[in-house]
>>> print(open('coords.pdb').read())   # PDB, C-alpha atoms
ATOM      1  CA  MET A   1     204.951-194.010  40.098
ATOM      2  CA  SER A   2     208.302-192.385  40.652
ATOM      3  CA  ASP A   3     208.198-193.333  44.340
ATOM      4  CA  ALA A   4     207.718-197.011  43.437
ATOM      5  CA  LYS A   5     210.672-196.871  41.042
ATOM      6  CA  ARG A   6     212.814-195.124  43.631
ATOM      7  CA  ASP A   7     211.879-197.686  46.290
ATOM      8  CA  ALA A   8     212.617-200.579  43.912
ATOM      9  CA  SER A   9     215.934-199.002  42.974
ATOM     10  CA  GLN A  10     216.904-198.602  46.626
ATOM     11  CA  PHE A  11     215.986-202.226  47.308
ATOM     12  CA  CYS A  12     218.067-203.394  44.317
ATOM     13  CA  MET A  13     220.967-201.228  45.441
ATOM     14  CA  TYR A  14     221.102-202.771  48.929
ATOM     15  CA  TYR A  15     220.400-206.276  47.663
ATOM     16  CA  SER A  16     223.131-206.064  45.027
ATOM     17  CA  LEU A  17     225.605-204.638  47.543
ATOM     18  CA  VAL A  18     225.052-207.650  49.802
ATOM     19  CA  GLY A  19     225.139-209.975  46.776
ATOM     20  CA  THR A  20     228.424-208.455  45.597
ATOM     21  CA  LEU A  21     230.058-208.955  48.979
ATOM     22  CA  PHE A  22     228.711-212.507  49.309
ATOM     23  CA  MET A  23     229.810-213.573  45.811
ATOM     24  CA  LEU A  24     233.213-211.975  46.388
ATOM     25  CA  TRP A  25     233.552-214.066  49.550
ATOM     26  CA  VAL A  26     232.415-217.237  47.691
ATOM     27  CA  GLY A  27     234.857-216.544  44.832
ATOM     28  CA  VAL A  28     237.753-215.983  47.224
ATOM     29  CA  MET A  29     236.844-219.113  49.180
ATOM     30  CA  ILE A  30     236.754-221.189  45.990
ATOM     31  CA  SER A  31     240.071-219.705  44.847
ATOM     32  CA  LYS A  32     241.997-220.007  48.130
ATOM     33  CA  GLN A  33     240.339-222.884  50.011
ATOM     34  CA  PRO A  34     238.248-225.054  47.674
ATOM     35  CA  PHE A  35     238.611-228.035  50.011
ATOM     36  CA  TYR A  36     236.113-226.434  52.447
ATOM     37  CA  MET A  37     233.351-226.650  49.838
ATOM     38  CA  LYS A  38     232.220-230.187  49.187
ATOM     39  CA  GLY A  39     230.853-231.266  45.826
ATOM     40  CA  LEU A  40     232.808-228.925  43.535
ATOM     41  CA  GLU A  41     233.708-230.920  40.446
ATOM     42  CA  ASP A  42     235.404-228.159  38.434
ATOM     43  CA  VAL A  43     236.965-225.518  40.710
ATOM     44  CA  ASP A  44     237.953-223.150  37.869
ATOM     45  CA  ARG A  45     234.438-223.171  36.446
ATOM     46  CA  CYS A  46     232.906-222.555  39.900
ATOM     47  CA  ARG A  47     235.308-219.680  40.592
ATOM     48  CA  SER A  48     234.520-218.141  37.192
ATOM     49  CA  ASN A  49     230.775-218.411  37.838
ATOM     50  CA  ALA A  50     231.084-216.874  41.302
ATOM     51  CA  PHE A  51     233.025-213.874  40.029
ATOM     52  CA  GLY A  52     230.685-213.571  37.025
ATOM     53  CA  ALA A  53     227.707-213.370  39.402
ATOM     54  CA  MET A  54     229.596-210.826  41.485
ATOM     55  CA  TRP A  55     230.079-208.592  38.426
ATOM     56  CA  MET A  56     226.361-208.875  37.636
ATOM     57  CA  PHE A  57     225.616-207.661  41.187
ATOM     58  CA  VAL A  58     228.113-204.812  40.702
ATOM     59  CA  PHE A  59     226.333-203.805  37.475
ATOM     60  CA  THR A  60     222.953-203.849  39.260
ATOM     61  CA  PHE A  61     224.399-201.771  42.115
ATOM     62  CA  VAL A  62     225.845-199.155  39.738
ATOM     63  CA  SER A  63     222.610-199.015  37.736
ATOM     64  CA  SER A  64     220.561-198.508  40.899
ATOM     65  CA  VAL A  65     222.828-195.749  42.179
ATOM     66  CA  ALA A  66     222.753-194.049  38.768
ATOM     67  CA  TYR A  67     218.941-194.106  38.705
ATOM     68  CA  LEU A  68     218.714-192.728  42.242
ATOM     69  CA  TRP A  69     221.117-189.923  41.303
ATOM     70  CA  TYR A  70     219.138-189.183  38.127
ATOM     71  CA  ASP A  71     215.838-189.201  40.034
ATOM     72  CA  SER A  72     217.093-186.817  42.709
ATOM     73  CA  ASN A  73     218.440-184.401  40.083
ATOM     74  CA  ARG A  74     215.292-184.689  37.955
ATOM     75  CA  HIS A  75     213.249-183.019  40.697
ATOM     76  CA  ARG A  76     215.795-180.230  41.001
ATOM     77  CA  ARG A  77     215.853-179.708  37.245
ATOM     78  CA  ALA A  78     212.049-179.648  37.144
ATOM     79  CA  ALA A  79     211.939-177.050  39.926
ATOM     80  CA  VAL A  80     214.513-174.837  38.218
ATOM     81  CA  GLU A  81     212.743-175.192  34.877
ATOM     82  CA  TYR A  82     209.415-174.303  36.507
ATOM     83  CA  MET A  83     210.921-171.214  38.106
ATOM     84  CA  LEU A  84     212.537-170.120  34.844
ATOM     85  CA  ASN A  85     209.317-170.636  32.891
ATOM     86  CA  ARG A  86     207.386-168.741  35.531
ATOM     87  CA  ALA A  87     209.844-165.837  35.377
ATOM     88  CA  VAL A  88     209.672-165.729  31.586
ATOM     89  CA  SER A  89     205.873-165.947  31.530
ATOM     90  CA  SER A  90     205.527-163.232  34.212
ATOM     91  CA  SER A  91     207.809-160.905  32.230
ATOM     92  CA  ARG A  92     205.731-161.640  29.136
ATOM     93  CA  LEU A  93     202.577-160.855  31.102
ATOM     94  CA  ALA A  94     204.125-157.583  32.260
ATOM     95  CA  ASP A  95     205.072-156.719  28.668
ATOM     96  CA  ASP A  96     201.558-157.573  27.473
ATOM     97  CA  ALA A  97     199.985-155.492  30.246
ATOM     98  CA  ARG A  98     202.213-152.524  29.408
ATOM     99  CA  ARG A  99     201.375-152.886  25.726
ATOM    100  CA  ASP A 100     197.643-153.107  26.483
ATOM    101  CA  HIS A 101     197.881-150.035  28.696
ATOM    102  CA  GLU A 102     199.672-148.106  25.960
ATOM    103  CA  GLU A 103     197.019-149.113  23.411
ATOM    104  CA  ASP A 104     194.133-148.161  25.725
ATOM    105  CA  THR A 105     195.575-144.751  26.595
ATOM    106  CA  PRO A 106     194.076-142.135  24.259
ATOM    107  CA  PHE A 107     196.487-139.853  22.450
ATOM    108  CA  PHE A 108     195.948-136.123  22.891
ATOM    109  CA  ASP A 109     197.754-133.341  21.151
ATOM    110  CA  ASP A 110     200.032-131.506  23.579
ATOM    111  CA  GLY A 111     198.264-128.199  22.999
ATOM    112  CA  HIS A 112     194.795-129.497  23.819
ATOM    113  CA  GLU A 113     195.413-132.289  26.280
ATOM    114  CA  GLY A 114     192.117-133.492  27.680
ATOM    115  CA  ALA A 115     189.969-131.088  25.637
ATOM    116  CA  THR A 116     186.350-132.273  25.434
ATOM    117  CA  THR A 117     183.039-130.939  24.191
ATOM    118  CA  GLU A 118     180.077-130.223  26.456
ATOM    119  CA  ASP A 119     178.821-133.780  25.796
ATOM    120  CA  GLY A 120     182.137-135.266  26.980
ATOM    121  CA  ASP A 121     183.441-136.231  23.535
ATOM    122  CA  VAL A 122     187.163-135.802  22.953
ATOM    123  CA  ILE A 123     187.965-132.952  20.602
ATOM    124  CA  ASP A 124     190.216-133.851  17.683
ATOM    125  CA  SER A 125     192.710-131.004  17.707
ATOM    126  CA  THR A 126     193.621-131.508  14.052
ATOM    127  CA  GLN A 127     190.168-130.306  12.958
ATOM    128  CA  ILE A 128     190.126-127.099  15.008
ATOM    129  CA  GLU A 129     190.725-123.993  13.000
ATOM    130  CA  PRO A 130     193.232-121.520  14.408
ATOM    131  CA  GLY A 131     191.640-118.704  16.369
ATOM    132  CA  CYS A 132     188.289-120.479  16.844
ATOM    133  CA  TRP A 133     188.977-121.810  20.281
TER     134      TRP A 133
END
>>> encode(input="coords.pdb", output="structure tokens")
Amino acid sequence: MSDAKRDASQFCMYYSLVGTLFMLWVGVMISKQPFYMKGLEDVDRCRSNAFGAMWMFVFTFVSSVAYLWYDSNRHRRAAVEYMLNRAVSSSRLADDARRDHEEDTPFFDDGHEGATTEDGDVIDSTQIEPGCW
């Protein structure tokens, strides 16, 4: 849908640029040489209408350019936001993985690191009496 809006905005931009130039020419012609245009009853009113239409074309041109600028920057902002969110989520994943690894790692007393029974069970060094080992 964004492509259709961008295409419509580009069309309006070019159309309003041509309309602005044409209405400027009509307004100047009515102001400077009204005798070349037959059928004008009120020259001041016609000149005012021509310049009023020109300003409407200028407004449409500016609006179209503003939308095209916004649309081009929106994609950049979305890309930057995606990259920032991805960086934050990957650092959170790394933190979670480190935390999970620390929780899964069994704690052994320094004196009996890795001590197990014949069955493979880990020996709790706090229950061993001194001199019995």
>>> residues_around(input="coords.pdb", residues="Lys32 (chain A)", least_positions_apart="4", cutoff="12 Å", atoms="all atoms listed in the file", output="ChimeraX atom specification")
/A:25-28,36-37,43-44,47
>>> axis_aligned_box(input="coords.pdb", around="region 56-73 of chain A", padding_each_side="3 Å", output="AutoDock Vina command-line options")
--center_x 222.0 --center_y -196.6 --center_z 40.1 --size_x 18.3 --size_y 30.5 --size_z 11.2
>>> residues_around(input="coords.pdb", residues="region 65-81 of chain A", least_positions_apart="2", cutoff="7 Å", atoms="only C-alpha atoms", output="PyMOL selection string")
chain A and resi 6+9+13+61-63+83-85
>>> atom_distance(input="coords.pdb", atom1="CA of Cys46 (chain A)", atom2="CA of Gly19 (chain A)")
16.3 Å
>>> atom_distance(input="coords.pdb", atom1="CA of Ile30 (chain A)", atom2="CA of Cys12 (chain A)")
25.9 Å
>>> residues_near_point(input="coords.pdb", point="(230.0, -213.2, 43.0)", cutoff="8 Å", atoms="only C-alpha atoms", output="ChimeraX atom specification")
/A:19-27,49-57
>>> write_last_selection(input="coords.pdb", atoms="C-alpha atoms", output="PDB file, keeping the file's coordinate frame")
ATOM      1  CA  GLY A  19     225.139-209.975  46.776  1.00  0.00           C
ATOM      2  CA  THR A  20     228.424-208.455  45.597  1.00  0.00           C
ATOM      3  CA  LEU A  21     230.058-208.955  48.979  1.00  0.00           C
ATOM      4  CA  PHE A  22     228.711-212.507  49.309  1.00  0.00           C
ATOM      5  CA  MET A  23     229.810-213.573  45.811  1.00  0.00           C
ATOM      6  CA  LEU A  24     233.213-211.975  46.388  1.00  0.00           C
ATOM      7  CA  TRP A  25     233.552-214.066  49.550  1.00  0.00           C
ATOM      8  CA  VAL A  26     232.415-217.237  47.691  1.00  0.00           C
ATOM      9  CA  GLY A  27     234.857-216.544  44.832  1.00  0.00           C
ATOM     10  CA  ASN A  49     230.775-218.411  37.838  1.00  0.00           C
ATOM     11  CA  ALA A  50     231.084-216.874  41.302  1.00  0.00           C
ATOM     12  CA  PHE A  51     233.025-213.874  40.029  1.00  0.00           C
ATOM     13  CA  GLY A  52     230.685-213.571  37.025  1.00  0.00           C
ATOM     14  CA  ALA A  53     227.707-213.370  39.402  1.00  0.00           C
ATOM     15  CA  MET A  54     229.596-210.826  41.485  1.00  0.00           C
ATOM     16  CA  TRP A  55     230.079-208.592  38.426  1.00  0.00           C
ATOM     17  CA  MET A  56     226.361-208.875  37.636  1.00  0.00           C
ATOM     18  CA  PHE A  57     225.616-207.661  41.187  1.00  0.00           C
TER      19      PHE A  57
END
>>> atom_distance(input="coords.pdb", atom1="CA of Thr60 (chain A)", atom2="CA of Ser16 (chain A)")
6.2 Å
